[in-house]
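Source file work.cif; content: mmCIF, C-alpha atoms.
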data_model
loop_
_atom_site.label_atom_id
_atom_site.label_comp_id
_atom_site.auth_asym_id
_atom_site.auth_seq_id
_atom_site.Cartn_x
_atom_site.Cartn_y
_atom_site.Cartn_z
CA MET A 22 -35.19 9.69 19.34
CA THR A 23 -38.45 8.53 17.78
CA ALA A 24 -38.74 5.55 15.45
CA GLU A 25 -39.62 7.94 12.63
CA SER A 26 -36.54 10.11 13.18
CA THR A 27 -34.35 6.99 13.32
CA LEU A 28 -35.64 5.90 9.93
CA ALA A 29 -34.85 9.35 8.56
CA LEU A 30 -31.18 9.33 9.61
CA PRO A 31 -28.85 10.14 6.70
CA VAL A 32 -26.98 7.22 5.13
CA GLY A 33 -23.76 9.19 4.88
CA THR A 34 -21.46 10.84 2.35
CA THR A 35 -20.56 8.76 -0.67
CA LEU A 36 -17.03 8.54 -2.00
CA ASP A 37 -18.06 10.29 -5.22
CA ARG A 38 -19.56 13.22 -3.34
CA PHE A 39 -16.56 13.46 -1.01
CA ILE A 40 -14.14 13.50 -3.95
CA MET A 41 -16.17 16.20 -5.67
CA ARG A 42 -16.14 18.38 -2.54
CA GLN A 43 -12.40 17.88 -2.11
CA GLN A 44 -11.83 18.88 -5.70
CA GLU A 45 -13.56 22.20 -5.04
CA ALA A 46 -10.85 23.00 -2.48
CA PHE A 47 -8.19 23.04 -5.23
CA ALA A 48 -8.35 26.25 -7.22
CA PHE A 49 -6.87 24.74 -10.39
CA ALA A 50 -8.39 21.26 -10.22
CA LYS A 51 -10.05 20.15 -13.44
CA GLY A 52 -11.41 16.80 -12.27
CA GLU A 53 -8.90 14.36 -13.78
CA LEU A 54 -7.53 13.11 -10.44
CA SER A 55 -11.05 12.88 -9.03
CA GLN A 56 -12.14 10.74 -11.98
CA LEU A 57 -9.04 8.58 -11.60
CA LEU A 58 -9.86 7.85 -7.95
CA ARG A 59 -13.40 6.95 -8.98
CA ASP A 60 -12.03 4.58 -11.64
CA ILE A 61 -9.94 2.82 -9.00
CA ALA A 62 -12.97 2.58 -6.73
CA LEU A 63 -15.04 1.07 -9.55
CA ALA A 64 -12.42 -1.59 -10.25
CA SER A 65 -12.22 -2.42 -6.55
CA LYS A 66 -15.97 -3.04 -6.44
CA ILE A 67 -15.63 -5.56 -9.25
CA ILE A 68 -12.66 -7.26 -7.57
CA GLY A 69 -14.53 -7.34 -4.27
CA ARG A 70 -17.41 -9.13 -6.01
CA GLU A 71 -15.06 -11.68 -7.54
CA ILE A 72 -13.40 -12.31 -4.17
CA ASN A 73 -16.71 -12.78 -2.39
CA ARG A 74 -17.80 -15.48 -4.81
CA ALA A 75 -14.36 -17.05 -5.27
CA GLY A 76 -15.36 -20.26 -3.51
CA LEU A 77 -18.31 -20.71 -5.87
CA THR A 78 -16.32 -20.32 -9.08
CA ASP A 79 -13.05 -21.76 -10.31
CA ILE A 80 -10.88 -18.69 -9.58
CA THR A 81 -8.99 -19.77 -6.48
CA GLY A 82 -5.56 -21.38 -6.42
CA ALA A 83 -2.43 -20.92 -8.50
CA LEU A 84 -2.49 -20.29 -12.23
CA GLY A 85 0.63 -22.37 -12.84
CA ARG A 86 3.02 -19.60 -13.87
CA GLU A 87 5.20 -16.95 -12.24
CA ASN A 88 5.08 -13.15 -12.46
CA VAL A 89 8.07 -10.86 -13.00
CA GLN A 90 8.87 -11.15 -9.29
CA GLY A 91 9.39 -14.89 -9.58
CA GLU A 92 6.28 -15.48 -7.48
CA SER A 93 3.54 -17.96 -8.29
CA GLN A 94 0.61 -16.14 -9.87
CA GLN A 95 -2.80 -16.83 -8.45
CA LYS A 96 -5.85 -16.79 -10.70
CA LEU A 97 -7.19 -13.81 -8.79
CA ASP A 98 -3.92 -11.92 -9.40
CA VAL A 99 -4.56 -12.13 -13.12
CA ILE A 100 -8.24 -11.22 -12.76
CA ALA A 101 -7.44 -8.19 -10.59
CA ASN A 102 -4.73 -7.04 -12.98
CA ILE A 103 -7.10 -7.25 -15.95
CA ARG A 104 -9.92 -5.44 -14.12
CA PHE A 105 -7.77 -2.55 -12.93
CA LYS A 106 -6.11 -2.15 -16.33
CA ARG A 107 -9.48 -2.09 -18.04
CA ALA A 108 -10.92 0.46 -15.60
CA LEU A 109 -7.91 2.76 -15.92
CA VAL A 110 -7.72 2.48 -19.71
CA ASN A 111 -11.44 3.13 -20.15
CA GLY A 112 -11.39 5.95 -17.58
CA GLY A 113 -9.00 7.88 -19.80
CA GLU A 114 -7.05 9.70 -17.07
CA VAL A 115 -3.93 7.49 -17.09
CA CYS A 116 -1.28 7.32 -19.80
CA GLY A 117 0.72 4.48 -18.23
CA ILE A 118 0.38 1.75 -15.60
CA LEU A 119 3.03 -0.12 -13.65
CA SER A 120 1.76 -3.40 -12.23
CA GLU A 121 3.41 -6.03 -10.04
CA GLU A 122 2.04 -8.62 -12.45
CA GLU A 123 3.75 -7.34 -15.61
CA ASP A 124 7.38 -6.85 -16.62
CA ASP A 125 7.16 -3.47 -18.31
CA ILE A 126 5.13 -0.28 -18.29
CA ILE A 127 1.62 -0.77 -19.67
CA GLN A 128 0.78 1.86 -22.28
CA THR A 129 -2.92 2.75 -22.13
CA GLY A 130 -3.09 4.68 -25.39
CA ASN A 131 -4.43 7.69 -23.47
CA ASN A 132 -1.40 9.81 -24.36
CA ASN A 133 -3.10 13.08 -23.47
CA ALA A 134 -3.73 11.90 -19.90
CA LYS A 135 -1.85 13.64 -17.10
CA TYR A 136 -1.30 10.76 -14.64
CA VAL A 137 0.40 7.40 -14.24
CA VAL A 138 -0.47 4.70 -11.69
CA ALA A 139 1.78 2.14 -10.01
CA MET A 140 -0.13 -0.69 -8.35
CA ASP A 141 -0.16 -4.07 -6.74
CA PRO A 142 -3.57 -5.22 -8.03
CA LEU A 143 -4.04 -7.92 -5.39
CA ASP A 144 -1.53 -8.24 -2.55
CA GLY A 145 -1.65 -11.46 -0.51
CA SER A 146 -3.86 -13.22 -3.04
CA SER A 147 -2.74 -16.70 -1.95
CA ASN A 148 -4.63 -16.02 1.29
CA ILE A 149 -7.96 -16.03 -0.53
CA ASP A 150 -7.97 -19.85 -0.45
CA VAL A 151 -8.15 -19.71 3.37
CA ASN A 152 -10.50 -16.70 3.57
CA VAL A 153 -7.94 -14.22 4.90
CA SER A 154 -8.12 -10.49 4.11
CA ILE A 155 -6.25 -9.31 1.02
CA GLY A 156 -5.85 -5.93 -0.64
CA THR A 157 -4.96 -3.59 -3.49
CA ILE A 158 -2.27 -0.90 -3.18
CA PHE A 159 -1.89 2.05 -5.55
CA SER A 160 0.28 5.10 -6.10
CA ILE A 161 -0.49 8.03 -8.41
CA TYR A 162 1.96 10.45 -10.05
CA ARG A 163 1.51 13.41 -12.32
CA ARG A 164 3.47 12.57 -15.46
CA VAL A 165 6.71 14.42 -16.28
CA SER A 166 6.88 13.32 -19.91
CA PRO A 167 5.29 15.58 -22.55
CA ILE A 168 1.51 15.46 -22.92
CA GLY A 169 0.57 13.64 -26.11
CA THR A 170 3.37 11.07 -25.89
CA PRO A 171 3.44 7.56 -24.37
CA ALA A 172 4.35 7.16 -20.71
CA THR A 173 8.06 6.81 -19.95
CA LEU A 174 10.22 5.24 -17.26
CA GLU A 175 10.85 8.70 -15.80
CA ASP A 176 7.14 9.11 -15.07
CA PHE A 177 7.39 6.28 -12.54
CA MET A 178 10.86 7.03 -11.17
CA GLN A 179 10.11 10.41 -9.59
CA GLY A 180 10.49 9.20 -6.00
CA GLY A 181 8.02 8.85 -3.15
CA ARG A 182 7.80 12.57 -2.34
CA LYS A 183 6.33 13.23 -5.80
CA GLN A 184 3.24 11.07 -5.28
CA VAL A 185 0.07 13.12 -5.69
CA ALA A 186 -2.10 10.40 -4.15
CA ALA A 187 -1.77 6.95 -2.65
CA GLY A 188 -4.10 4.42 -1.13
CA TYR A 189 -5.24 0.87 -0.66
CA ILE A 190 -8.39 -1.22 -0.68
CA LEU A 191 -8.80 -3.91 1.96
CA TYR A 192 -11.14 -6.79 1.10
CA GLY A 193 -12.08 -8.31 4.45
CA SER A 194 -15.09 -8.62 6.73
CA SER A 195 -15.96 -5.32 5.11
CA THR A 196 -14.32 -3.68 2.11
CA VAL A 197 -12.65 -0.35 2.83
CA MET A 198 -10.83 2.16 0.65
CA VAL A 199 -8.22 4.34 2.36
CA TYR A 200 -6.43 7.10 0.47
CA THR A 201 -4.61 10.39 0.77
CA THR A 202 -3.98 13.25 -1.64
CA GLY A 203 -1.47 14.84 0.73
CA LYS A 204 -4.10 16.47 2.91
CA GLY A 205 -4.76 13.81 5.53
CA VAL A 206 -6.00 10.24 5.32
CA ASN A 207 -9.63 9.26 4.92
CA CYS A 208 -11.39 5.90 4.86
CA PHE A 209 -14.54 4.76 3.06
CA THR A 210 -16.48 1.57 3.77
CA TYR A 211 -18.35 -0.27 1.03
CA GLU A 212 -22.07 -0.76 1.48
CA ASN A 213 -22.96 -3.86 -0.51
CA ALA A 214 -26.69 -3.31 -0.77
CA LEU A 215 -26.28 0.18 -2.25
CA GLY A 216 -23.09 -0.53 -4.18
CA GLU A 217 -21.41 2.58 -2.81
CA TYR A 218 -18.43 3.52 -0.65
CA PHE A 219 -19.46 5.72 2.29
CA PHE A 220 -17.24 8.05 4.30
CA SER A 221 -16.49 6.23 7.57
CA HIS A 222 -13.18 7.44 9.08
CA ALA A 223 -12.18 11.09 8.82
CA ASP A 224 -8.60 12.39 9.03
CA MET A 225 -7.18 9.12 10.34
CA LYS A 226 -4.26 9.32 12.77
CA ILE A 227 -2.08 6.41 13.82
CA PRO A 228 -1.44 6.32 17.59
CA VAL A 229 1.98 7.72 18.55
CA SER A 230 2.91 4.36 20.05
CA GLY A 231 1.38 0.91 20.22
CA LYS A 232 1.58 -2.61 21.55
CA ILE A 233 1.47 -4.50 18.24
CA TYR A 234 4.46 -5.70 16.22
CA SER A 235 3.94 -7.45 12.90
CA ILE A 236 6.78 -9.53 11.50
CA ASN A 237 7.32 -12.95 9.93
CA ASP A 238 8.87 -14.69 12.92
CA ALA A 239 9.93 -17.66 10.79
CA TYR A 240 12.94 -15.59 9.64
CA TYR A 241 13.97 -14.59 13.17
CA ASP A 242 17.37 -16.31 12.99
CA GLU A 243 18.21 -14.30 9.85
CA PHE A 244 17.45 -10.89 11.33
CA ALA A 245 20.17 -8.42 12.32
CA GLU A 246 20.80 -8.02 16.04
CA PRO A 247 18.93 -4.67 16.37
CA ILE A 248 15.78 -6.32 14.97
CA LYS A 249 16.13 -9.23 17.38
CA SER A 250 16.66 -6.93 20.37
CA PHE A 251 13.68 -4.78 19.36
CA ILE A 252 11.44 -7.84 19.11
CA GLY A 253 12.80 -9.15 22.41
CA ASP A 254 11.98 -5.91 24.19
CA MET A 255 8.51 -5.81 22.64
CA ARG A 256 7.90 -9.33 23.95
CA LYS A 257 8.91 -8.21 27.43
CA THR A 258 6.66 -5.15 27.38
CA SER A 259 3.41 -5.69 29.23
CA GLY A 260 0.45 -5.88 26.86
CA SER A 261 2.53 -6.15 23.69
CA MET A 262 1.44 -8.71 21.14
CA ALA A 263 2.57 -10.19 17.84
CA ARG A 264 0.00 -9.87 15.08
CA TYR A 265 0.95 -11.07 11.59
CA ILE A 266 -1.31 -12.65 8.98
CA GLY A 267 1.02 -12.36 5.98
CA SER A 268 -1.32 -10.01 4.15
CA LEU A 269 0.39 -6.62 3.93
CA VAL A 270 -2.72 -4.48 3.61
CA GLY A 271 -4.49 -6.31 6.45
CA ASP A 272 -1.50 -6.06 8.78
CA PHE A 273 -0.94 -2.41 7.87
CA HIS A 274 -4.59 -1.40 8.29
CA ARG A 275 -4.83 -2.95 11.75
CA ASN A 276 -1.72 -1.12 12.94
CA LEU A 277 -2.93 2.16 11.41
CA LEU A 278 -6.09 1.94 13.50
CA LYS A 279 -4.65 0.50 16.72
CA GLY A 280 -1.01 1.58 16.76
CA GLY A 281 1.98 -0.64 16.17
CA ILE A 282 4.79 -1.37 13.76
CA TYR A 283 5.11 -3.54 10.67
CA LEU A 284 8.60 -4.88 9.97
CA TYR A 285 9.99 -6.59 6.89
CA PRO A 286 13.79 -6.67 7.27
CA PRO A 287 16.26 -8.12 4.76
CA THR A 288 16.69 -11.90 4.84
CA ARG A 289 19.14 -14.30 3.22
CA LYS A 290 16.72 -14.86 0.37
CA ALA A 291 15.75 -11.18 0.04
CA LYS A 292 18.93 -9.28 0.85
CA ASP A 293 17.47 -5.92 -0.22
CA GLY A 294 14.12 -6.58 1.41
CA LYS A 295 11.08 -8.22 -0.13
CA LEU A 296 8.44 -5.54 -0.61
CA ARG A 297 8.34 -3.49 -3.80
CA LEU A 298 9.37 0.14 -3.37
CA LEU A 299 7.20 1.87 -5.97
CA TYR A 300 3.82 0.25 -5.44
CA GLU A 301 3.95 -1.12 -1.89
CA CYS A 302 6.44 0.84 0.23
CA TYR A 303 5.97 4.33 -1.26
CA PRO A 304 2.14 4.44 -1.04
CA LEU A 305 2.00 2.96 2.48
CA ALA A 306 4.75 5.35 3.61
CA MET A 307 2.83 8.34 2.24
CA ILE A 308 -0.33 7.24 4.03
CA THR A 309 1.62 6.66 7.25
CA GLU A 310 3.28 10.07 7.23
CA GLN A 311 -0.02 11.76 6.45
CA ALA A 312 -1.50 9.92 9.45
CA GLY A 313 1.30 11.08 11.75
CA GLY A 314 3.43 7.92 11.67
CA LYS A 315 6.80 7.10 10.16
CA ALA A 316 8.24 4.72 7.58
CA THR A 317 11.92 3.91 7.08
CA ASN A 318 14.13 1.36 5.34
CA GLY A 319 16.48 1.41 8.33
CA VAL A 320 18.71 4.08 6.80
CA CYS A 321 16.38 6.89 5.73
CA PRO A 322 12.65 7.61 5.37
CA ILE A 323 11.09 5.39 2.71
CA LEU A 324 9.84 8.42 0.79
CA ASP A 325 13.44 9.64 0.44
CA VAL A 326 14.75 6.38 -1.04
CA GLU A 327 15.88 6.96 -4.64
CA PRO A 328 14.30 4.52 -7.10
CA THR A 329 16.60 2.77 -9.56
CA GLN A 330 14.33 0.03 -10.97
CA ILE A 331 10.59 -0.20 -11.52
CA HIS A 332 10.31 -3.46 -9.58
CA GLN A 333 12.88 -2.47 -6.95
CA ARG A 334 12.61 -4.12 -3.54
CA SER A 335 13.15 -2.55 -0.14
CA ALA A 336 13.20 -3.29 3.55
CA ILE A 337 10.50 -1.42 5.45
CA TYR A 338 9.65 -0.54 9.04
CA VAL A 339 6.39 1.38 9.21
CA GLY A 340 3.93 2.43 11.88
CA SER A 341 3.70 4.44 15.11
CA SER A 342 6.39 7.12 15.30
CA GLU A 343 7.77 6.16 18.74
CA LEU A 344 8.25 2.53 17.73
CA VAL A 345 9.87 3.40 14.40
CA ASP A 346 12.17 5.94 16.11
CA ASP A 347 13.20 3.32 18.67
CA LEU A 348 14.07 0.81 15.96
CA ASP A 349 15.84 3.46 13.87
CA THR A 350 18.08 4.36 16.81
CA ARG A 351 19.00 0.72 17.34
CA LEU A 352 19.81 0.22 13.66
CA ALA A 353 21.92 3.41 13.51
CA THR A 354 23.86 2.43 16.62
CA TYR A 355 24.47 -1.04 15.21
CA GLN A 356 25.71 0.31 11.87
CA ALA A 357 28.01 2.78 13.65
CA SER A 358 29.42 -0.08 15.70
CA LEU A 359 30.09 -2.16 12.59
CA SER A 360 31.81 0.79 10.94
CA ARG A 361 34.09 1.32 13.95
CA GLU A 362 35.01 -2.37 14.02
CA LEU A 363 35.78 -2.29 10.30
CA ASN A 364 37.99 0.80 10.65
CA GLU A 365 39.87 -0.73 13.58
CA THR A 366 40.45 -3.90 11.57
CA ILE A 367 41.83 -1.92 8.63
CA VAL A 368 44.11 0.14 10.89
#
For this file, produce the structure as structure tokens.
Amino acid sequence: MTAESTLALPVGTTLDRFIMRQQEAFAFAKGELSQLLRDIALASKIIGREINRAGLTDITGALGRENVQGESQQKLDVIANIRFKRALVNGGEVCGILSEEEDDIIQTGNNNAKYVVAMDPLDGSSNIDVNVSIGTIFSIYRRVSPIGTPATLEDFMQGGRKQVAAGYILYGSSTVMVYTTGKGVNCFTYENALGEYFFSHADMKIPVSGKIYSINDAYYDEFAEPIKSFIGDMRKTSGSMARYIGSLVGDFHRNLLKGGIYLYPPTRKAKDGKLRLLYECYPLAMITEQAGGKATNGVCPILDVEPTQIHQRSAIYVGSSELVDDLDTRLATYQASLSRELNETIV
């Protein structure tokens, strides 16, 4: 290849162009979902800029108040929430927003819009102080309430199988946007100099198995026996390794690329699990299934869990199908054993 031909190599396909081409594949698409994805991408560019200069401005550290989850809000949590709300309101394609940072549904005033978005604007934001990767997670539904009216609770409580799109943005050594509309998973990498996302990973597939397990080992003594035995066997398996940075999107993205399993079981403090069902578990489960993996709460697939509250929490085990199946079998056997013991005690 000559120097001249090297200089003439194409830069790649931008996110906007890719979305436009995908839209053409849907006979009845009118562009609203495409515009919504572009609005999310725009907000992520702004957040990425804020993160990259966080050490130079006074936006790191805690804000001094708690969100609806009872968690300490970081300054960047508030900034990200504001930026995404503003982008979605101004974009005009969303009638309601559910955010981790706010108690109730956010009405955008765009009552003729066809979609609602559930999101965690900035997951793992406390890690920004130590320069660890953090991310945004989002889930998109087509509204079920009448067009022309405000968004309702029912718009967000449709269940994971009703998602029309889901994705995340990872702000790390590079910024990437990964999303699915139910037709595979694709990844786009942000090019800072051009200010554009470019298509970088097509039709992503998680390896069927893997050597990585990601879990907060500090809670080991609180885990149920099947979890402990699974971890013990992973430790004994040649080449297996623990990888956990406490940033959900970062841990998930690594396992998606390399194969592995992410586990967040119930603990004494979080008896129902810690992660939020609607805007953390559902979107990551949809991405995982579209990539050929599995996601479960230990009883059923995450996408089949019925929502009862907008900020509902859940246990989650997500990743390579063979690892999730192995854990599922152990959990089912354990529950069956407990049931037998209970019945024998009653008799």
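For the choices A:Ser65, A:Thr329, A:Thr354, A:Ser335, the atom-to-atom distance to Gly156 of chain A is smallest for A:Ser65 when using all atoms listed in the file.
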Can you give me, as a ChimeraX atom specification, the residues this file yields under the PyMOL selection byres ((chain A and resi 273) around 12)? /A:144,154-156,158,188-191,199,227,233-236,264-272,274-285,301-302,304-306,308-309,314,316,337-341
Can you write out the residues you just picked, keeping C-alpha atoms, as a CSV table (one decimal), in the frame of the given file?
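Ended up saving to again_28.csv:
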chain,number,residue,atom,x,y,z
A,144,ASP,CA,-1.5,-8.2,-2.6
A,154,SER,CA,-8.1,-10.5,4.1
A,155,ILE,CA,-6.2,-9.3,1.0
A,156,GLY,CA,-5.8,-5.9,-0.6
A,158,ILE,CA,-2.3,-0.9,-3.2
A,188,GLY,CA,-4.1,4.4,-1.1
A,189,TYR,CA,-5.2,0.9,-0.7
A,190,ILE,CA,-8.4,-1.2,-0.7
A,191,LEU,CA,-8.8,-3.9,2.0
A,199,VAL,CA,-8.2,4.3,2.4
A,227,ILE,CA,-2.1,6.4,13.8
A,233,ILE,CA,1.5,-4.5,18.2
A,234,TYR,CA,4.5,-5.7,16.2
A,235,SER,CA,3.9,-7.4,12.9
A,236,ILE,CA,6.8,-9.5,11.5
A,264,ARG,CA,0.0,-9.9,15.1
A,265,TYR,CA,1.0,-11.1,11.6
A,266,ILE,CA,-1.3,-12.6,9.0
A,267,GLY,CA,1.0,-12.4,6.0
A,268,SER,CA,-1.3,-10.0,4.2
A,269,LEU,CA,0.4,-6.6,3.9
A,270,VAL,CA,-2.7,-4.5,3.6
A,271,GLY,CA,-4.5,-6.3,6.4
A,272,ASP,CA,-1.5,-6.1,8.8
A,274,HIS,CA,-4.6,-1.4,8.3
A,275,ARG,CA,-4.8,-3.0,11.8
A,276,ASN,CA,-1.7,-1.1,12.9
A,277,LEU,CA,-2.9,2.2,11.4
A,278,LEU,CA,-6.1,1.9,13.5
A,279,LYS,CA,-4.6,0.5,16.7
A,280,GLY,CA,-1.0,1.6,16.8
A,281,GLY,CA,2.0,-0.6,16.2
A,282,ILE,CA,4.8,-1.4,13.8
A,283,TYR,CA,5.1,-3.5,10.7
A,284,LEU,CA,8.6,-4.9,10.0
A,285,TYR,CA,10.0,-6.6,6.9
A,301,GLU,CA,4.0,-1.1,-1.9
A,302,CYS,CA,6.4,0.8,0.2
A,304,PRO,CA,2.1,4.4,-1.0
A,305,LEU,CA,2.0,3.0,2.5
A,306,ALA,CA,4.8,5.4,3.6
A,308,ILE,CA,-0.3,7.2,4.0
A,309,THR,CA,1.6,6.7,7.2
A,314,GLY,CA,3.4,7.9,11.7
A,316,ALA,CA,8.2,4.7,7.6
A,337,ILE,CA,10.5,-1.4,5.4
A,338,TYR,CA,9.6,-0.5,9.0
A,339,VAL,CA,6.4,1.4,9.2
A,340,GLY,CA,3.9,2.4,11.9
A,341,SER,CA,3.7,4.4,15.1
Considering all atoms listed in the file, return as a PyMOL selection string whatever protein or nucleic-acid residues lie within 12 Å of Asn131 of chain A, sequence-local ones (same chain, fewer than 6 positions apart) excluded. chain A and resi 109-118+137+168-172
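Among A:Gly193, A:Gly313, A:Gly260, A:Gly180, the residue with the shortest atom-to-atom distance to Val153 of chain A, counting all atoms listed in the file, is A:Gly193.
Candidate residues A:Thr350, A:Thr34, A:Gln184, A:Asn148 were compared for distance to Glu217 of chain A, and the nearest is A:Thr34, using all atoms listed in the file.
Across the model, the gap from atom CA of Ala353 of chain A to atom CA of Arg256 of chain A is 21.6 Å.
Using only C-alpha atoms, the shortest contact distance between Asp254 of chain A and any of A:Ala139, A:Arg351, A:Phe219, A:Ser55 is found at A:Arg351.
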Looking at all atoms listed in the file, which of A:Asn133, A:Ile126, A:Thr35, A:Met198 is the one that sits closest to Ala64 of chain A? A:Met198
Can you translate the PyMOL selection byres ((chain A and resi 225) around 9) into the concrete residues it hits in this file, as a PyMOL selection string? chain A and resi 205-208+222-224+226-227+277-278+311-313
For the residues in that selection, give me C-alpha atoms as a compact mmCIF listing (two decimals), in the coordinates of the input.
# COMPACT_ATOMS: atom_id res chain seq x y z
CA GLY A 205 -4.76 13.81 5.53
CA VAL A 206 -6.00 10.24 5.32
CA ASN A 207 -9.63 9.26 4.92
CA CYS A 208 -11.39 5.90 4.86
CA HIS A 222 -13.18 7.44 9.08
CA ALA A 223 -12.18 11.09 8.82
CA ASP A 224 -8.60 12.39 9.03
CA LYS A 226 -4.26 9.32 12.77
CA ILE A 227 -2.08 6.41 13.82
CA LEU A 277 -2.93 2.16 11.41
CA LEU A 278 -6.09 1.94 13.50
CA GLN A 311 -0.02 11.76 6.45
CA ALA A 312 -1.50 9.92 9.45
CA GLY A 313 1.30 11.08 11.75
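Each of A:Val197, A:Ala263, A:Ala245, A:Met307 was compared to Asn213 of chain A using only C-alpha atoms, and A:Val197 turns out to be the nearest.
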With all atoms of segment 239-251 of chain A from the file as input, state the centre and edge lengths in Å to one decimal of the axis-aligned box that has 8 Å extra on each side, as lines of an AutoDock Vina configuration file.
center_x = 15.4
center_y = -11.2
center_z = 15.0
size_x = 26.9
size_y = 29.0
size_z = 26.7
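Look at Phe244 of chain A: the protein and nucleic acid residues within 12 Å of it, using all atoms listed in the file and passing over chain neighbours fewer than 6 places away, are Ile236, Asn237, Asp238, Ser250, Phe251, Ile252, Leu284, Tyr285, Pro286, Pro287, Thr288, Arg289, Lys290, Ala291, Lys292, Gly294, Ala336 and Leu352 of chain A.
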Show me, as a PDB file with C-alpha atoms, in the frame of the given file, the residues that have an atom within 10 Å of Val326 of chain A when counting all atoms listed in the file, minus same-chain residues fewer than 5 positions from it.
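The resulting file, around.pdb, is shown below:
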ATOM      1  CA  GLY A 180      10.490   9.200  -6.000  1.00  0.00           C
ATOM      2  CA  GLY A 181       8.020   8.850  -3.150  1.00  0.00           C
ATOM      3  CA  ARG A 182       7.800  12.570  -2.340  1.00  0.00           C
ATOM      4  CA  LEU A 298       9.370   0.140  -3.370  1.00  0.00           C
ATOM      5  CA  TYR A 303       5.970   4.330  -1.260  1.00  0.00           C
ATOM      6  CA  THR A 317      11.920   3.910   7.080  1.00  0.00           C
ATOM      7  CA  ASN A 318      14.130   1.360   5.340  1.00  0.00           C
ATOM      8  CA  VAL A 320      18.710   4.080   6.800  1.00  0.00           C
ATOM      9  CA  CYS A 321      16.380   6.890   5.730  1.00  0.00           C
ATOM     10  CA  SER A 335      13.150  -2.550  -0.140  1.00  0.00           C
TER      11      SER A 335
END
Expanded to explicit residues, what is the PyMOL selection byres ((chain A and resi 178) around 9) for this file, as an NGL selection string? :A and (174-177 or 179-181 or 299 or 327-331)
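Atom pair atom CA of Arg163 of chain A / atom CA of Gln44 of chain A: separated by 15.9 Å.
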Point-to-point distance in Å for atom CA of Leu324 of chain A and atom CA of Pro247 of chain A: 22.3 Å
Show which residues sit within 9 Å of segment 61-63 of chain A, as a count of residues only. Count all atoms listed in the file, and ignore same-chain residues fewer than 3 positions away. 14
